[in-house]
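J.: Please read through the structure below; I'll follow up with questions.
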Amino acid sequence: MATGVIRGAELSPSYIIEEILGLYQNIVVLSNEEIVYGLSDRNRELFQELEYLVSLEVEDSVVQDILQKKELEPAFTEIKRFRNLYTVRLETEHAKEILSSDFPWASLEKFSFYGNYLNLVRTEYEGLRLSSGDMVFFLGSGPLPLTLIVFFRLYGVKSTGIEKDSFRANLSKRVLEKLGLSSVIKIVHGNHFSLSGKDLSLSPDTGIKALMIAAQAEPKKEIFEHLLEVMPIGGRISCRIYEKGFRKLLSGNSLFDLPESFVEQERVQPQPPVYNTVIFFEKKR
């Protein structure tokens, strides 16, 4: 079936499952290239339907029951793929708008999720106990490194973003140059294995205060296993995940089996318009 608008009176588990399967049937036939570069308006409609679905206010017991159904795992995988790639599309399109604009900062602020980032960055700035002039790493910075831009613009925090896709990394470098931020925000083409003990050293020479991990950075378990090897004792991490309602289906890893050396310090639940829970960790041993 084709997915439609879900009404409050129809929120039975069977109806929600039907909607999930409807989205799956429309998404599974789309290649990565079609999602990121396709010209059809259908992708935008599917994204809007997905955003509505994951924003539903449903009892946790119902959410858990549905998310634990093994037969739905292929649908969850495809929905997560679509959402991640369409987000890349939105960021890429807006990055190009900034590059072509005579007023790049004004263009930046028109991004539909800009307000989300203002609140999310404030949460991370306070939770990581940062100060102006500090430096952070951000794993999964994307084609439009809004987190890093907002961190410097509002709080004077410098940063290095790590992006695994070369096109996205180069596009984000061009955006930073357009905004005049290339001297305070660096972008590295790489992944979590690009991080070394020297990078994450807490010595005064490096000035590194924390590592932040994007919600889309995967696989979380492998990332933390590598950090276990290279991060110094006392190192601080913030990690964004989706764990409220059906947004859980957008998370590829639940963080339930982290190495014991990482101790959770705080967990900040999202408040609208923010979608992500932010978890703060410290390496204790």
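Ligands are numbered from 1 in the order shown, chains are lettered A, B, ... in the order of the structure tokens, and residues start at 1 in each chain.
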Can you list, as a list in words, every protein, DNA or RNA residue that comes within 12 Å of Leu154 of chain A when you count only C-alpha atoms, leaving out same-chain residues fewer than 6 positions away?
T.: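 The residues that qualify are Tyr117, Leu118, Asn119, Val121, Arg122, Tyr125, Ser131, Ser132, Gly133, Leu146, Thr147 and Leu148 of chain A.
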J.: Generate the output file for the selected residues, N, CA, C and O atoms, as a CSV table (one decimal), in the first residue's frame.
T.:
```
chain,number,residue,atom,x,y,z
A,117,TYR,N,19.8,22.8,15.6
A,117,TYR,CA,21.3,22.8,16.0
A,117,TYR,C,21.6,23.8,17.0
A,117,TYR,O,22.5,23.5,17.8
A,118,LEU,N,20.9,24.9,17.1
A,118,LEU,CA,21.2,25.9,18.1
A,118,LEU,C,21.0,25.3,19.5
A,118,LEU,O,21.8,25.4,20.4
A,119,ASN,N,19.9,24.5,19.7
A,119,ASN,CA,19.6,23.9,20.9
A,119,ASN,C,20.5,22.7,21.2
A,119,ASN,O,20.9,22.5,22.4
A,121,VAL,N,23.5,22.1,20.1
A,121,VAL,CA,24.9,22.5,20.4
A,121,VAL,C,25.0,23.1,21.8
A,121,VAL,O,26.0,22.9,22.5
A,122,ARG,N,24.0,23.9,22.2
A,122,ARG,CA,24.0,24.4,23.6
A,122,ARG,C,24.0,23.2,24.6
A,122,ARG,O,24.8,23.3,25.6
A,125,TYR,N,27.6,21.9,24.5
A,125,TYR,CA,28.6,22.8,25.1
A,125,TYR,C,28.5,22.8,26.6
A,125,TYR,O,29.6,22.8,27.2
A,131,SER,N,34.7,25.8,27.0
A,131,SER,CA,34.8,27.3,27.1
A,131,SER,C,35.3,27.8,25.8
A,131,SER,O,35.8,27.0,24.9
A,132,SER,N,35.2,29.1,25.6
A,132,SER,CA,35.7,29.7,24.3
A,132,SER,C,37.1,29.4,24.2
A,132,SER,O,37.9,29.5,25.1
A,133,GLY,N,37.5,29.1,23.0
A,133,GLY,CA,38.9,28.8,22.7
A,133,GLY,C,39.3,27.3,22.8
A,133,GLY,O,40.3,26.9,22.3
A,146,LEU,N,27.1,22.0,10.2
A,146,LEU,CA,26.4,23.0,11.0
A,146,LEU,C,26.8,23.0,12.5
A,146,LEU,O,26.9,24.0,13.2
A,147,THR,N,27.0,21.8,13.0
A,147,THR,CA,27.4,21.7,14.4
A,147,THR,C,28.6,22.5,14.7
A,147,THR,O,28.7,23.3,15.7
A,148,LEU,N,29.6,22.3,13.9
A,148,LEU,CA,30.9,23.0,14.1
A,148,LEU,C,30.8,24.5,13.9
A,148,LEU,O,31.4,25.3,14.6
```
J.: Which residues are close to segment 42-50 of chain A, i.e. within 12 Å by only C-alpha atoms, leaving aside same-chain residues fewer than 6 positions away? Reply as a PyMOL selection string.
T.: chain A and resi 2-6+16+19-36+56+76+78-87+89-90+246-247+249-250
J.: In segment 35-282 of chain A, what's helix (DSSP H, G or I) per DSSP? Answer as an MDAnalysis selection string?
T.: chainID A and resid 35:37 42:54 60:67 70:100 104:109 114:127 146:155 166:178 192:194 220:230 245:250
J.: Rank A:Leu120, A:Glu260, A:Lys221, A:Ile241 by their smallest atom-to-atom distance to Val274 of chain A, using only C-alpha atoms, and report the top residue only.
T.: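 Closest to Val274 of chain A, using only C-alpha atoms: A:Leu120.
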J.: Using only C-alpha atoms, can you tell me which of A:Leu139, A:Leu211, A:Ile233, A:Leu39 comes closest to Ile187 of chain A?
T.: A:Leu139
J.: Given only C-alpha atoms as the basis, pick out the residue of A:Lys220, A:Arg285, A:Lys244, A:Lys96 nearest to Val268 of chain A.
T.: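 Among the listed residues, A:Lys244 lies closest to Val268 of chain A.
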